[in-house]
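Beneath this line is the structure, given in structure tokens, with notes to follow.
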Amino acid sequence: MADEKTYISFKTLKIPAQVTCLAAGRAGQLLVGSDDGSVRIYDLSTFKVVKAIRGLASVSSVAWQPQNASHPGCLWLASGRSVIAITTDTDELILTMSDARVKLEVGSDDNDAVNEDCQLTMNKNGNQAAFCLDSGGVGVINLCSNEVSRMRNGHDTVCGSVRFVPNRLGELVSGGYDSTLLHFDLTSSYAFIGATAPPSGLTMSPPFILSLDISSTGILAAGTADGHIYVGTSGERSSGAGGGRQNRRRKWEGLRSDGRVLVEVAQGPVTALTFTSPRELLTCTLLGSVTSHEICEPVGDSGPIVRSLWNRNAGDIFKVNAMVVCGNLLILGGFQKDGAGVIEIWEEMSTNTTDTSTKANQE
């Protein structure tokens with residue numbers, strides 16, 4: 001039988017305060033932000049901390065800006081209503097705010113913080129970063145000039161996630177606690193189309209959009225607080241022969257009413273999701289249930305079909321705040337029952353397609 005990729009938990013790292021955010025750093029490194037105002041940079045070959053940043057307010061998001069001809073690689077983080085850039089190419093092992101290269105105020109007041117449930121998002125070229133705010137606002141930072149631009153419209157309440165549309169200059173999508181997805185055109189700073197995740201019957205949680213990702217070919221997936229994922233395939237760009245059809249369209253069309261489906265995938269909030277290939281993604285719930293899904297072609301006039309491939313539970317995390325894939329590693333971050341921070345590291349392996357429900361909780 002054919003093999004499928006899955007992950008097995010094999011290592012747990014513990015830190016004093018809960019993990020609030022994760023991101024891949026430079027090659028072979030992991031960025032970990034914490035509630036105590038610290039950022040740790042781990043070497044994933046040794047799982048040791050090679051550098052740390054201290055003395056900040058709670059860190060809500062981290063992102064790595066890769067090196068290019070005009071600047072060295074740089075760590076960007078969000079703390080409160082500020083976005084901060086720190087160059088880590090230094091002999092110092094412990095960095096502080098005094099080492100910041102840039103500090104930008106992106107929130108309008110102290111109550112308008114960069115949302116704790118999202119990460120700063122870099123575009124493919126590493127010259128723009130998108131952010132979202134507790135006020136529902138969405139913005140973009142030009143990383144060459146450090147100019148901050150706010151979109152003219154936004155969400156009615158907290159904006160929880162934002163992503164650039166791959167292979168589309170000047171387009172991004174955001175998801176909010178108003179259960180709405182917005183598609184922005186950066187040339188006009190205006191959201192010109194939106195879609196709403198509908199209620200799914202009797203539920204203890206409304207369909208707040210908590211997580212969001214877009215595949216390399218333009219498929220959108222969004223995770224909701226009531227255990228569903230919203231999938232939109234109308235913006236998909238074919239990778240086969242004649243696949244330029246989507247590229248010739250004036251705008252990405254991933255929020256069109258056709259080609260979308262709302263699927264229940266869990267019994268709790270889908271706090272994180274990420275694409276691992278153009279039509280496969282991982283979801284993770286607040287309580288650490290990780291599921292792999294495949295997006296299949298529709299049958300007849302129905303929408304796309306979402307098929308679950310396997311499911312495994314985190315072994316050492318009480319609640320999960322973040323998930324990231326770094327090479328062949330899947331990494332979860334959150335906290336234990338006593339409030340201490342925990343990072344659980346899973347390694348990629350192959351499994352027979354008949355093994356779809358194994359739990360991997362061992363270290």
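By convention in this document, the chains of the structure tokens carry letters A, B, ... by their order, each chain's residues are numbered from 1, and ligands are numbered from 1 in the order they are shown.
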
Surrounding residues of Ala130 in chain A excluding itself and chain neighbours under 2 positions, 9 Å, only C-alpha atoms, as a PyMOL selection string: chain A and resi 119-123+128+132+138-141+162-164+172

Give me every strand (DSSP E or B) residue in range 103-335 of chain A, going by DSSP on the backbone, as a PyMOL selection string. chain A and resi 103-105+114+121-122+128-133+138-142+147-150+159-164+171-176+180-185+190-196+209-214+220-224+228-232+260-264+270-277+280-285+289-296+305-313+319-326+329-335

Would you mind listing what lies within 7 Å of range 314-319 of chain A as an MDAnalysis selection string, with only C-alpha atoms counted and same-chain residues fewer than 4 positions away left out? chainID A and resid 286:289 334:337 342 361:362

Atoms kept (C-alpha atoms) for selection, written as a PDB file, in the first residue's frame:
ATOM      1  CA  LEU A 286      -6.927  24.012  21.602  1.00  0.00           C
ATOM      2  CA  LEU A 287      -6.550  20.697  23.471  1.00  0.00           C
ATOM      3  CA  GLY A 288      -3.880  19.392  21.113  1.00  0.00           C
ATOM      4  CA  SER A 289      -5.693  17.118  18.679  1.00  0.00           C
ATOM      5  CA  GLY A 334       1.388  26.108  24.630  1.00  0.00           C
ATOM      6  CA  PHE A 335       1.235  25.479  28.349  1.00  0.00           C
ATOM      7  CA  GLN A 336       0.713  22.772  30.945  1.00  0.00           C
ATOM      8  CA  LYS A 337      -1.891  22.681  33.715  1.00  0.00           C
ATOM      9  CA  VAL A 342       5.877  23.633  26.843  1.00  0.00           C
ATOM     10  CA  ASN A 361       1.952  10.739  22.927  1.00  0.00           C
ATOM     11  CA  GLN A 362       5.301   9.275  23.860  1.00  0.00           C
TER      12      GLN A 362
END

So how many Å separate CA of Gly232 in chain A and CA of Ala129 in chain A, to one decimal? 23.5 Å

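Taking CA of Leu95 in chain A as the reference point, CA of Gly107 in chain A is found at 24.2 Å.
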
Give me, as number ranges by chain, all polymer residues having an atom no more than 12 Å from Val83 in chain A, counting only C-alpha atoms and skipping those fewer than 5 positions away in the same chain. A: 56-57, 59-63, 75-78, 97, 100-107, 113-115, 119-121, 129-133, 139-141, 143, 146-148

Selected residue of minimal separation from Gly268 in chain A among A:Pro304, A:Gly254, A:Gly227, A:Pro298, counting only C-alpha atoms: A:Gly227

Go through A:Thr276, A:Ser79, A:Ser211, A:Ser9 one by one, measure the shortest atom-to-atom distance of each to Ser34 in chain A using only C-alpha atoms, and give the residue with the smallest value. A:Ser79

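Restricting the calculation to only C-alpha atoms, the smallest distance between Arg279 in chain A and any of A:Ser149, A:Pro66, A:Thr233, A:Gly160 is found for A:Thr233.
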
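Here CA of Lys14 in chain A and CA of Gly339 in chain A stand 10.9 Å from one another.
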
Near Leu332 in chain A, counting only C-alpha atoms, which residues have an atom at most 7 Å away, once you skip same-chain residues fewer than 4 positions from it, shown as number ranges by chain? A: 320, 322-324, 343-345

Excluding same-chain residues fewer than 2 positions from Glu280 in chain A, what lies within 8 Å of it counting only C-alpha atoms, as number ranges by chain? A: 275-278, 282, 292-295

Store the residues picked out above, limited to C-alpha atoms, as a PDB file, in the first residue's frame.
ATOM      1  CA  PHE A 275      -0.669  23.679   4.615  1.00  0.00           C
ATOM      2  CA  THR A 276       2.024  21.021   4.147  1.00  0.00           C
ATOM      3  CA  SER A 277       1.467  20.659   0.381  1.00  0.00           C
ATOM      4  CA  PRO A 278      -0.836  22.324  -2.182  1.00  0.00           C
ATOM      5  CA  LEU A 282      -2.711  20.060   9.329  1.00  0.00           C
ATOM      6  CA  SER A 292      -4.075  15.759   8.635  1.00  0.00           C
ATOM      7  CA  HIS A 293      -6.564  16.546   5.847  1.00  0.00           C
ATOM      8  CA  GLU A 294      -6.577  16.149   2.085  1.00  0.00           C
ATOM      9  CA  ILE A 295      -8.659  18.471  -0.122  1.00  0.00           C
TER      10      ILE A 295
END

Among the residues A:Gly80, A:Gly33, A:Gly300, A:Gly175, the one that comes closest to Arg54 in chain A [using only C-alpha atoms]: A:Gly33

Residues near Thr196 in chain A, cut-off 12 Å, only C-alpha atoms, skip fewer than 5 positions along chain, as number ranges by chain: A: 155, 174-183, 206-209, 222, 224, 230-232, 255-257, 260-262

Choose the residue, out of A:Thr88, A:Thr46, A:Asn313, A:Ser308, that has the smallest atom-to-atom separation from Gly28 in chain A; count only C-alpha atoms. A:Thr46
